[in-house]
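Listing of query.txt; format and content: compact mmCIF, C-alpha atoms.
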```txt
# COMPACT_ATOMS: atom_id res chain seq x y z
CA MET A 1 0.00 0.00 0.00
CA ASN A 2 1.52 3.31 -0.99
CA ARG A 3 0.71 6.53 0.83
CA LEU A 4 -1.50 7.95 -1.90
CA ASP A 5 -3.63 4.79 -1.96
CA ALA A 6 -3.81 4.89 1.83
CA THR A 7 -4.80 8.55 1.76
CA ARG A 8 -7.58 7.78 -0.72
CA ILE A 9 -8.94 5.21 1.73
CA LEU A 10 -8.81 7.80 4.52
CA VAL A 11 -10.73 10.37 2.45
CA GLU A 12 -13.31 7.73 1.53
CA CYS A 13 -13.80 6.74 5.18
CA ALA A 14 -13.75 10.25 6.65
CA GLY A 15 -16.87 11.53 4.89
CA ASP A 16 -17.14 15.25 5.60
CA ALA A 17 -15.06 15.06 8.78
CA PRO A 18 -12.04 17.35 9.14
CA ILE A 19 -8.60 16.03 8.22
CA VAL A 20 -5.46 17.86 9.41
CA ALA A 21 -2.41 16.99 7.28
CA SER A 22 1.23 17.27 8.19
CA LEU A 23 3.35 19.36 5.85
CA GLY A 24 5.01 17.93 2.76
CA HIS A 25 4.03 14.61 1.31
CA PRO A 26 1.09 13.83 3.66
CA ALA A 27 -0.50 17.19 2.75
CA TYR A 28 0.33 16.80 -0.97
CA ASP A 29 -1.28 13.37 -1.07
CA LEU A 30 -4.34 14.54 0.82
CA PHE A 31 -4.83 17.20 -1.84
CA ALA A 32 -4.34 14.64 -4.62
CA ALA A 33 -6.69 12.12 -2.98
CA GLY A 34 -9.45 14.69 -2.68
CA ASP A 35 -9.33 18.43 -2.14
CA ARG A 36 -12.07 19.06 0.41
CA SER A 37 -12.80 22.30 2.23
CA SER A 38 -12.55 20.35 5.49
CA ASN A 39 -8.88 19.56 4.76
CA PHE A 40 -6.45 21.60 6.82
CA TYR A 41 -3.11 21.55 4.99
CA THR A 42 -0.09 22.67 6.99
CA TRP A 43 2.83 24.25 5.16
CA GLY A 44 5.21 24.36 8.11
CA SER A 45 5.58 23.45 11.77
CA MET A 46 6.77 19.89 11.24
CA GLY A 47 5.60 17.73 14.11
CA VAL A 48 2.67 19.85 15.20
CA ALA A 49 -0.17 18.31 13.14
CA SER A 50 -1.19 15.94 15.93
CA SER A 51 -1.31 18.88 18.35
CA ILE A 52 -3.53 20.88 15.99
CA GLY A 53 -5.81 17.86 15.79
CA LEU A 54 -5.86 17.58 19.57
CA GLY A 55 -6.91 21.21 20.01
CA LEU A 56 -9.57 20.82 17.35
CA ALA A 57 -10.90 17.62 18.95
CA ILE A 58 -11.08 19.28 22.37
CA GLY A 59 -12.81 22.36 20.99
CA ARG A 60 -15.28 20.47 18.78
CA PRO A 61 -16.26 17.25 20.58
CA ASP A 62 -19.15 16.88 18.12
CA LEU A 63 -16.75 16.25 15.22
CA ARG A 64 -14.59 13.23 14.49
CA VAL A 65 -11.16 14.73 13.85
CA PHE A 66 -8.64 12.91 11.65
CA VAL A 67 -4.92 13.73 11.47
CA ALA A 68 -2.68 12.53 8.64
CA ASP A 69 0.78 12.64 10.19
CA GLY A 70 4.14 11.21 9.17
CA ASP A 71 6.53 9.03 11.15
CA GLY A 72 9.30 11.62 10.97
CA SER A 73 6.88 14.35 12.00
CA LEU A 74 5.50 12.48 14.98
CA LEU A 75 9.04 11.67 16.10
CA MET A 76 9.61 15.45 16.34
CA ASN A 77 6.74 15.81 18.81
CA LEU A 78 6.48 12.50 20.65
CA GLY A 79 5.31 14.32 23.76
CA SER A 80 2.08 14.86 21.85
CA LEU A 81 1.25 11.18 22.40
CA ALA A 82 1.46 11.71 26.16
CA THR A 83 -0.82 14.74 26.01
CA ILE A 84 -3.32 12.92 23.79
CA GLY A 85 -3.23 9.91 26.11
CA TRP A 86 -3.80 12.13 29.13
CA THR A 87 -6.53 14.37 27.73
CA ALA A 88 -8.06 11.39 25.88
CA PRO A 89 -10.44 13.11 23.46
CA PRO A 90 -12.70 10.26 22.26
CA ASN A 91 -13.18 11.93 18.86
CA LEU A 92 -9.52 12.15 17.77
CA VAL A 93 -8.09 9.74 15.18
CA LEU A 94 -4.34 10.13 14.69
CA ILE A 95 -3.11 8.33 11.58
CA VAL A 96 0.60 8.02 10.89
CA TRP A 97 1.75 7.28 7.34
CA ASP A 98 4.81 5.33 8.40
CA ASN A 99 7.06 5.03 5.34
CA GLN A 100 10.18 4.72 7.52
CA GLU A 101 11.84 7.70 5.87
CA TYR A 102 11.93 11.49 5.72
CA ALA A 103 10.62 11.36 2.16
CA THR A 104 9.88 15.09 1.80
CA THR A 105 13.51 15.96 2.56
CA GLY A 106 15.23 13.35 0.42
CA GLY A 107 14.59 9.92 1.87
CA GLN A 108 16.75 9.79 4.96
CA PRO A 109 15.71 6.84 7.19
CA THR A 110 13.65 7.49 10.32
CA ALA A 111 13.99 5.53 13.54
CA THR A 112 11.02 3.39 12.52
CA ALA A 113 13.29 1.88 9.84
CA GLN A 114 15.39 0.63 12.76
CA GLY A 115 12.43 -0.84 14.63
CA ALA A 116 11.02 2.12 16.56
CA ASP A 117 7.35 1.24 17.08
CA LEU A 118 5.07 4.29 17.14
CA ALA A 119 1.88 2.33 17.90
CA ALA A 120 3.61 0.79 20.91
CA ALA A 121 4.69 4.28 21.97
CA ALA A 122 1.08 5.45 21.72
CA THR A 123 -0.10 2.50 23.80
CA ALA A 124 2.58 3.22 26.39
CA MET A 125 1.38 6.83 26.60
CA GLY A 126 -2.18 5.79 27.38
CA ILE A 127 -3.77 5.73 23.92
CA ALA A 128 -5.54 2.40 24.29
CA ALA A 129 -6.90 2.21 20.76
CA SER A 130 -3.52 1.97 19.01
CA VAL A 131 -2.97 -0.35 16.06
CA THR A 132 -0.48 -0.96 13.28
CA VAL A 133 -1.90 -1.83 9.88
CA ASN A 134 0.09 -3.15 6.93
CA ASP A 135 -2.32 -3.21 4.03
CA ALA A 136 -5.43 -1.60 2.56
CA ASP A 137 -7.86 -4.05 4.16
CA GLY A 138 -6.29 -3.49 7.57
CA LEU A 139 -6.50 0.27 7.16
CA ARG A 140 -10.13 0.14 6.03
CA ALA A 141 -11.06 -2.03 9.00
CA ALA A 142 -9.26 0.22 11.49
CA LEU A 143 -10.81 3.39 10.06
CA ALA A 144 -14.27 1.84 10.03
CA ARG A 145 -13.97 1.26 13.78
CA ALA A 146 -12.24 4.57 14.48
CA ARG A 147 -15.02 6.46 12.72
CA THR A 148 -17.53 5.61 15.43
CA ALA A 149 -15.91 3.80 18.37
CA PRO A 150 -14.58 5.96 21.21
CA GLY A 151 -10.92 6.94 20.94
CA PRO A 152 -8.52 8.51 20.96
CA TRP A 153 -7.24 6.35 18.13
CA MET A 154 -3.73 5.96 16.84
CA ILE A 155 -3.46 4.09 13.55
CA ASN A 156 0.11 3.49 12.45
CA ALA A 157 -0.16 2.61 8.77
CA LYS A 158 2.89 1.08 7.15
CA VAL A 159 3.09 2.58 3.66
CA THR A 160 5.52 2.80 0.80
CA GLU A 161 6.63 6.14 -0.57
CA SER A 162 4.81 7.41 -3.65
CA ALA A 163 6.21 10.60 -5.13
CA PRO A 164 3.43 13.21 -4.99
CA ARG A 165 2.56 15.07 -8.16
CA ALA A 166 0.25 17.75 -6.80
CA LYS A 167 0.38 20.44 -4.14
CA PRO A 168 -2.43 22.06 -2.16
CA PRO A 169 -3.22 25.78 -2.30
CA LEU A 170 -0.34 27.92 -1.07
CA ASP A 171 -2.46 30.60 0.57
CA CYS A 172 -2.46 29.75 4.28
CA VAL A 173 -5.25 32.19 5.17
CA PHE A 174 -7.43 30.77 2.39
CA ILE A 175 -6.84 27.24 3.72
CA LYS A 176 -7.80 28.33 7.23
CA GLN A 177 -10.87 30.34 6.31
CA ARG A 178 -12.22 27.68 3.97
CA PHE A 179 -11.63 25.03 6.65
CA MET A 180 -13.26 27.02 9.45
CA SER A 181 -16.30 27.74 7.32
CA ALA A 182 -16.57 24.06 6.35
CA ILE A 183 -16.72 22.93 9.97
CA GLY A 184 -19.15 25.65 10.99
CA ASN A 185 -16.83 28.16 12.67
CA PRO A 186 -16.52 30.93 10.09
CA GLU A 187 -14.22 33.68 11.32
CA SER A 188 -16.19 36.75 12.26
CA ALA A 189 -13.87 38.85 10.08
CA THR A 190 -15.08 36.95 7.00
CA ARG A 191 -18.71 37.88 7.60
CA GLY A 192 -20.39 41.20 7.02
CA GLU A 193 -21.99 43.19 9.80
CA PRO A 194 -25.68 44.09 9.94
CA ALA A 195 -26.28 47.68 8.79
CA MET B 1 -8.99 29.57 53.87
CA THR B 2 -5.40 28.41 53.47
CA VAL B 3 -2.57 30.70 52.51
CA ALA B 4 -2.02 28.69 49.33
CA SER B 5 -5.47 29.55 48.02
CA ILE B 6 -4.91 33.32 48.13
CA ALA B 7 -3.71 34.36 44.70
CA PRO B 8 -1.39 37.34 44.24
CA VAL B 9 -3.20 40.39 42.89
CA TRP B 10 -1.33 40.21 39.58
CA ALA B 11 -2.40 36.58 39.05
CA SER B 12 -6.04 37.36 39.78
CA GLY B 13 -5.78 40.26 37.35
CA VAL B 14 -4.33 38.12 34.57
CA CYS B 15 -7.10 35.54 34.99
CA ALA B 16 -9.78 38.23 35.00
CA GLY B 17 -8.32 39.82 31.86
CA VAL B 18 -8.11 36.52 30.00
CA HIS B 19 -11.67 35.65 30.96
CA ALA B 20 -13.05 39.10 30.14
CA ALA B 21 -11.55 38.79 26.65
CA GLY B 22 -13.60 35.67 26.03
CA SER B 23 -10.81 33.13 26.32
CA ARG B 24 -12.05 29.85 27.84
CA HIS B 25 -9.17 27.58 26.80
CA VAL B 26 -5.75 27.88 28.41
CA VAL B 27 -2.84 25.74 27.24
CA TYR B 28 0.24 25.87 29.42
CA VAL B 29 3.69 24.57 30.19
CA PRO B 30 4.40 24.75 33.93
CA ASP B 31 6.29 27.65 35.49
CA ASN B 32 6.55 28.67 39.10
CA PRO B 33 4.87 32.12 39.07
CA LEU B 34 2.32 30.91 36.53
CA SER B 35 1.24 28.24 39.02
CA HIS B 36 -0.73 31.04 40.72
CA VAL B 37 -2.55 31.75 37.47
CA VAL B 38 -3.25 28.07 36.84
CA ARG B 39 -4.54 27.58 40.39
CA THR B 40 -6.78 30.63 40.16
CA PHE B 41 -8.32 29.35 36.94
CA GLU B 42 -8.83 25.93 38.54
CA GLN B 43 -10.40 27.34 41.70
CA SER B 44 -12.41 30.29 40.42
CA TYR B 45 -13.22 29.77 36.73
CA ALA B 46 -15.23 26.61 36.22
CA ASP B 47 -15.81 27.47 32.55
CA VAL B 48 -12.10 27.62 31.68
CA ARG B 49 -10.52 24.43 30.33
CA LEU B 50 -6.83 23.94 31.06
CA VAL B 51 -4.55 21.72 28.99
CA LEU B 52 -0.99 20.98 30.08
CA ALA B 53 1.41 20.52 27.15
CA THR B 54 4.77 18.76 27.33
CA ARG B 55 6.57 21.48 25.41
CA GLU B 56 5.84 24.98 24.20
CA GLU B 57 5.74 24.28 20.45
CA GLU B 58 3.14 21.62 21.16
CA ALA B 59 1.18 24.14 23.23
CA PHE B 60 0.96 26.51 20.26
CA GLY B 61 -0.16 23.65 18.01
CA ILE B 62 -2.96 22.80 20.45
CA ALA B 63 -3.87 26.48 20.66
CA ALA B 64 -4.05 26.68 16.86
CA GLY B 65 -6.42 23.70 16.78
CA LEU B 66 -8.58 25.29 19.45
CA TYR B 67 -8.81 28.46 17.38
CA LEU B 68 -9.89 26.46 14.32
CA ALA B 69 -12.55 24.98 16.58
CA GLY B 70 -13.91 28.45 17.27
CA ALA B 71 -12.19 29.12 20.60
CA ARG B 72 -9.99 32.01 21.75
CA PRO B 73 -6.88 30.27 23.07
CA THR B 74 -4.43 31.53 25.67
CA VAL B 75 -0.94 30.05 26.08
CA LEU B 76 0.93 30.35 29.39
CA LEU B 77 4.69 29.83 29.25
CA GLN B 78 8.01 30.93 30.66
CA SER B 79 10.22 33.25 28.61
CA SER B 80 12.75 30.46 28.05
CA GLY B 81 9.98 28.41 26.46
CA VAL B 82 9.33 31.02 23.80
CA GLY B 83 12.54 29.70 22.26
CA ASN B 84 10.85 26.32 21.93
CA SER B 85 7.87 27.96 20.22
CA LEU B 86 9.42 29.93 17.40
CA ASN B 87 8.80 27.43 14.60
CA ALA B 88 5.12 27.01 15.47
CA ILE B 89 4.70 30.76 15.79
CA THR B 90 6.44 31.65 12.54
CA SER B 91 5.30 28.77 10.33
CA LEU B 92 1.79 28.15 11.65
CA LEU B 93 0.17 30.89 13.70
CA LEU B 94 1.55 33.93 11.88
CA PRO B 95 1.17 32.83 8.22
CA TYR B 96 -2.32 31.40 8.82
CA GLN B 97 -3.30 34.48 10.88
CA ILE B 98 -4.26 32.30 13.83
CA PRO B 99 -4.44 34.42 16.97
CA ALA B 100 -3.56 33.49 20.52
CA LEU B 101 -2.82 35.38 23.70
CA MET B 102 0.61 34.63 25.15
CA ILE B 103 1.11 35.12 28.88
CA VAL B 104 4.87 34.98 29.38
CA SER B 105 6.43 34.68 32.81
CA MET B 106 9.71 36.53 32.46
CA ARG B 107 13.07 35.23 33.52
CA GLY B 108 16.34 37.01 32.95
CA ASP B 109 15.01 40.46 33.72
CA ALA B 110 15.49 42.48 36.92
CA SER B 111 16.16 40.33 40.03
CA GLU B 112 17.21 37.26 38.03
CA TRP B 113 19.79 35.07 39.80
CA ASN B 114 20.24 32.31 37.20
CA ALA B 115 22.67 33.12 34.38
CA ALA B 116 21.13 30.45 32.16
CA GLN B 117 17.90 32.47 32.07
CA VAL B 118 19.47 35.78 31.11
CA PRO B 119 20.24 35.61 27.35
CA MET B 120 16.74 34.56 26.27
CA GLY B 121 15.05 36.87 28.75
CA ARG B 122 17.04 39.84 27.47
CA ALA B 123 16.52 38.93 23.82
CA LEU B 124 12.82 38.20 24.06
CA PRO B 125 11.39 41.69 23.36
CA ALA B 126 13.60 42.04 20.27
CA ILE B 127 12.67 38.53 19.10
CA LEU B 128 8.97 39.33 19.42
CA GLU B 129 9.47 42.60 17.57
CA ALA B 130 11.40 40.87 14.79
CA MET B 131 8.43 38.53 14.31
CA GLY B 132 5.94 41.40 14.44
CA VAL B 133 4.30 40.13 17.62
CA PRO B 134 3.03 42.99 19.77
CA HIS B 135 3.95 42.76 23.42
CA VAL B 136 3.32 44.67 26.60
CA THR B 137 5.18 44.42 29.87
CA VAL B 138 3.01 43.97 32.94
CA ASP B 139 5.02 45.11 35.94
CA THR B 140 2.46 46.43 38.39
CA SER B 141 -0.30 44.29 39.85
CA ASP B 142 -3.04 46.89 39.54
CA ARG B 143 -2.64 47.08 35.76
CA ALA B 144 -2.53 43.32 35.13
CA GLU B 145 -6.24 42.90 34.38
CA ALA B 146 -6.54 45.85 31.98
CA LEU B 147 -3.31 45.18 30.08
CA THR B 148 -4.14 41.49 29.66
CA ARG B 149 -7.68 42.22 28.49
CA GLN B 150 -6.46 44.84 26.02
CA ALA B 151 -3.72 42.60 24.60
CA ALA B 152 -6.25 39.79 24.14
CA ALA B 153 -8.79 42.06 22.49
CA THR B 154 -6.22 43.24 19.95
CA ALA B 155 -4.95 39.72 19.30
CA PHE B 156 -8.35 38.14 18.70
CA GLY B 157 -9.76 41.20 16.95
CA THR B 158 -6.91 41.52 14.48
CA ARG B 159 -6.02 37.81 14.26
CA THR B 160 -2.45 37.95 15.39
CA LEU B 161 -0.50 36.90 18.43
CA GLY B 162 -0.27 39.19 21.40
CA ALA B 163 2.09 38.79 24.34
CA CYS B 164 1.88 39.97 27.93
CA LEU B 165 5.31 39.82 29.54
CA LEU B 166 4.95 39.41 33.31
CA ALA B 167 7.94 41.16 34.90
CA ARG B 168 9.87 39.16 37.44
CA ARG B 169 9.95 42.11 39.83
CA MET B 170 6.16 41.75 40.00
CA THR B 171 5.80 37.96 39.96
CA SER B 172 8.62 37.40 42.47
CA ALA B 173 7.55 40.11 44.92
CA PRO B 174 6.23 38.94 48.31
CA ALA B 175 2.43 38.79 48.22
```
Kindly return the structure encoded in the file as structure tokens.
Amino acid sequence: MNRLDATRILVECAGDAPIVASLGHPAYDLFAAGDRSSNFYTWGSMGVASSIGLGLAIGRPDLRVFVADGDGSLLMNLGSLATIGWTAPPNLVLIVWDNQEYATTGGQPTATAQGADLAAAATAMGIAASVTVNDADGLRAALARARTAPGPWMINAKVTESAPRAKPPLDCVFIKQRFMSAIGNPESATRGEPA
Amino acid sequence: MTVASIAPVWASGVCAGVHAAGSRHVVYVPDNPLSHVVRTFEQSYADVRLVLATREEEAFGIAAGLYLAGARPTVLLQSSGVGNSLNAITSLLLPYQIPALMIVSMRGDASEWNAAQVPMGRALPAILEAMGVPHVTVDTSDRAEALTRQAAATAFGTRTLGACLLARRMTSAPA
């Protein structure tokens, strides 16, 4: 299963639910798999996607919040697993596209190539619903449960690298305003005032 | 009433200012003076949700997600921790125009005793200015509420960060 195929499965399973994507290849593939207004593409802040998802899940408990992270990115912010385990938002689904390399920066190996186990780390930090999946059927099954069963979820999906060929919009404010409108929190500055 | 439950005037003022500005979500990394602020929120503001982050960059990521969710987030951190935040501030909050109120407990300013706290504390105002983040120093207890409320109103109204720098001469003074 390559990351683009895996991302297509995520988009199919997520329905209209928000998806926060880590910068670089996870965000590029999310755009290629399906540009939706409820996609939040990050263009920087490597490592922070899971934290954005956590804040969103805390602030909007009525939504199921998906995060498309990378193994290298999560390794930059492993403390996030502890905070997610502690705060335990039942509506957060953290997905890691674990390709065992820093693909966006040239393919340097990550620690998961040497056996570091991110699902085990999530379990150890108190995220009970943590699984590793190795193929499309496994990913579909995990997402089908994560869509409705209480979380937080951590799905570590082993994927192969697939060079992205598309990039999301570059305008960060556009991404934010479109996303906030899509989930029902339009910024007040984007609305007119009564006369 | 125990002595521990009496908050310093500055801490009560900060909490009142944050609350008056409509912020109901406070993400923090622990710091000694800020423990008064955290305790006051816990004891006197039942509608404020506190989240403890492991590191400051993570705290700003959580704050950004809270803003996307429609909230007005506040981040409490020590001045040294601003150094851990710069990537999230400059590559997430500022380019996406995601606002947050920063309440920074200063180290390295007047009455500092720890040399390891001095370089960042001294550099912090210039670092904030270089990033275009407005900041105000709160150094007297009786102005804490108004300055915090005003900084928050500007931050959330204009969708940028705003920082209140809590002077050590105020936060370390005997209550």
Report task. Restrict the distance test to all atoms listed in the file, flag each residue of chain B within 6 Å of chain A, and return the flagged residues as a list in words. Result -> Thr54, Glu58, Gly61, Ile62, Ala64, Gly65, Leu66, Leu68, Ala69, Gly70, Asn87, Ala88, Ser91 and Tyr96 of chain B
Query raised in the report: Which is closer to Ser44 of chain B than all the others in B:Met106, B:Ser12, B:Glu57, B:Asp31, using all atoms listed in the file?
Result: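 Checking each of B:Met106, B:Ser12, B:Glu57, B:Asp31 against Ser44 of chain B, counting all atoms listed in the file, the winner is B:Ser12.
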Query raised in the report: Which residue gives the smallest distance to Glu56 of chain B among B:Ala146, B:Val136, B:Leu34, B:Leu77, with only C-alpha atoms counted?
Result: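 With only C-alpha atoms as the atom set, the closest residue is B:Leu77.
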Mind giving me the axis-aligned box for segment 152-157 of chain B with 6 Å on every side, centre plus edges in Å to one decimal, as AutoDock Vina command-line options?
```
--center_x -7.4 --center_y 40.7 --center_z 20.5 --size_x 16.8 --size_y 17.1 --size_z 19.2
```
Within 10 Å of (14.6, 33.2, 20.9), only C-alpha atoms: residues as a CSV table (one decimal) with C-alpha atoms, in the coordinates of the input?
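The result, stored in result10.csv:
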```
chain,number,residue,atom,x,y,z
B,79,SER,CA,10.2,33.2,28.6
B,80,SER,CA,12.8,30.5,28.0
B,81,GLY,CA,10.0,28.4,26.5
B,82,VAL,CA,9.3,31.0,23.8
B,83,GLY,CA,12.5,29.7,22.3
B,84,ASN,CA,10.8,26.3,21.9
B,85,SER,CA,7.9,28.0,20.2
B,86,LEU,CA,9.4,29.9,17.4
B,119,PRO,CA,20.2,35.6,27.4
B,120,MET,CA,16.7,34.6,26.3
B,121,GLY,CA,15.0,36.9,28.8
B,122,ARG,CA,17.0,39.8,27.5
B,123,ALA,CA,16.5,38.9,23.8
B,124,LEU,CA,12.8,38.2,24.1
B,125,PRO,CA,11.4,41.7,23.4
B,126,ALA,CA,13.6,42.0,20.3
B,127,ILE,CA,12.7,38.5,19.1
B,128,LEU,CA,9.0,39.3,19.4
```
Scan for residues within 9 Å of the point (-3.3, 4.6, 23.9) in the coordinates of the file, using all atoms listed in the file, and reply as a PDB file with C-alpha atoms, in the coordinates of the input.
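Result went into selection.pdb, see below:
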```pdb
ATOM      1  CA  LEU A  81       1.250  11.180  22.400  1.00  0.00           C
ATOM      2  CA  ALA A  82       1.460  11.710  26.160  1.00  0.00           C
ATOM      3  CA  ILE A  84      -3.320  12.920  23.790  1.00  0.00           C
ATOM      4  CA  GLY A  85      -3.230   9.910  26.110  1.00  0.00           C
ATOM      5  CA  ALA A  88      -8.060  11.390  25.880  1.00  0.00           C
ATOM      6  CA  ALA A 119       1.880   2.330  17.900  1.00  0.00           C
ATOM      7  CA  ALA A 120       3.610   0.790  20.910  1.00  0.00           C
ATOM      8  CA  ALA A 121       4.690   4.280  21.970  1.00  0.00           C
ATOM      9  CA  ALA A 122       1.080   5.450  21.720  1.00  0.00           C
ATOM     10  CA  THR A 123      -0.100   2.500  23.800  1.00  0.00           C
ATOM     11  CA  ALA A 124       2.580   3.220  26.390  1.00  0.00           C
ATOM     12  CA  MET A 125       1.380   6.830  26.600  1.00  0.00           C
ATOM     13  CA  GLY A 126      -2.180   5.790  27.380  1.00  0.00           C
ATOM     14  CA  ILE A 127      -3.770   5.730  23.920  1.00  0.00           C
ATOM     15  CA  ALA A 128      -5.540   2.400  24.290  1.00  0.00           C
ATOM     16  CA  ALA A 129      -6.900   2.210  20.760  1.00  0.00           C
ATOM     17  CA  SER A 130      -3.520   1.970  19.010  1.00  0.00           C
ATOM     18  CA  GLY A 151     -10.920   6.940  20.940  1.00  0.00           C
ATOM     19  CA  PRO A 152      -8.520   8.510  20.960  1.00  0.00           C
ATOM     20  CA  TRP A 153      -7.240   6.350  18.130  1.00  0.00           C
ATOM     21  CA  MET A 154      -3.730   5.960  16.840  1.00  0.00           C
TER      22      MET A 154
END
```
**Report entry** Spatial neighbours of Glu112 of chain B, max dist 12 Å, all atoms listed in the file, sep filter under 2 positions, as a VMD selection string
**Finding:** chain B and resid 106 to 110 114 to 119 121 to 122 167 to 169 171 to 172
Those same residues - C-alpha atoms - I'd like them written as a PDB file, keeping the file's coordinate frame.
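Contents of the output file result24.pdb:
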```
ATOM      1  CA  MET B 106       9.710  36.530  32.460  1.00  0.00           C
ATOM      2  CA  ARG B 107      13.070  35.230  33.520  1.00  0.00           C
ATOM      3  CA  GLY B 108      16.340  37.010  32.950  1.00  0.00           C
ATOM      4  CA  ASP B 109      15.010  40.460  33.720  1.00  0.00           C
ATOM      5  CA  ALA B 110      15.490  42.480  36.920  1.00  0.00           C
ATOM      6  CA  ASN B 114      20.240  32.310  37.200  1.00  0.00           C
ATOM      7  CA  ALA B 115      22.670  33.120  34.380  1.00  0.00           C
ATOM      8  CA  ALA B 116      21.130  30.450  32.160  1.00  0.00           C
ATOM      9  CA  GLN B 117      17.900  32.470  32.070  1.00  0.00           C
ATOM     10  CA  VAL B 118      19.470  35.780  31.110  1.00  0.00           C
ATOM     11  CA  PRO B 119      20.240  35.610  27.350  1.00  0.00           C
ATOM     12  CA  GLY B 121      15.050  36.870  28.750  1.00  0.00           C
ATOM     13  CA  ARG B 122      17.040  39.840  27.470  1.00  0.00           C
ATOM     14  CA  ALA B 167       7.940  41.160  34.900  1.00  0.00           C
ATOM     15  CA  ARG B 168       9.870  39.160  37.440  1.00  0.00           C
ATOM     16  CA  ARG B 169       9.950  42.110  39.830  1.00  0.00           C
ATOM     17  CA  THR B 171       5.800  37.960  39.960  1.00  0.00           C
ATOM     18  CA  SER B 172       8.620  37.400  42.470  1.00  0.00           C
TER      19      SER B 172
END
```
Report task. Rounded to one decimal place, report the atom CA of Val29 of chain B-atom CA of Thr112 of chain A distance in Å. Result ->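 We find that atom CA of Val29 of chain B and atom CA of Thr112 of chain A lie 28.5 Å from each other.
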Query raised in the report: Just how far from atom CA of Leu23 of chain A is atom CA of Lys167 of chain A, in Å to one decimal?
Result: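 One can read the atom CA of Lys167 of chain A to atom CA of Leu23 of chain A distance as 10.5 Å.
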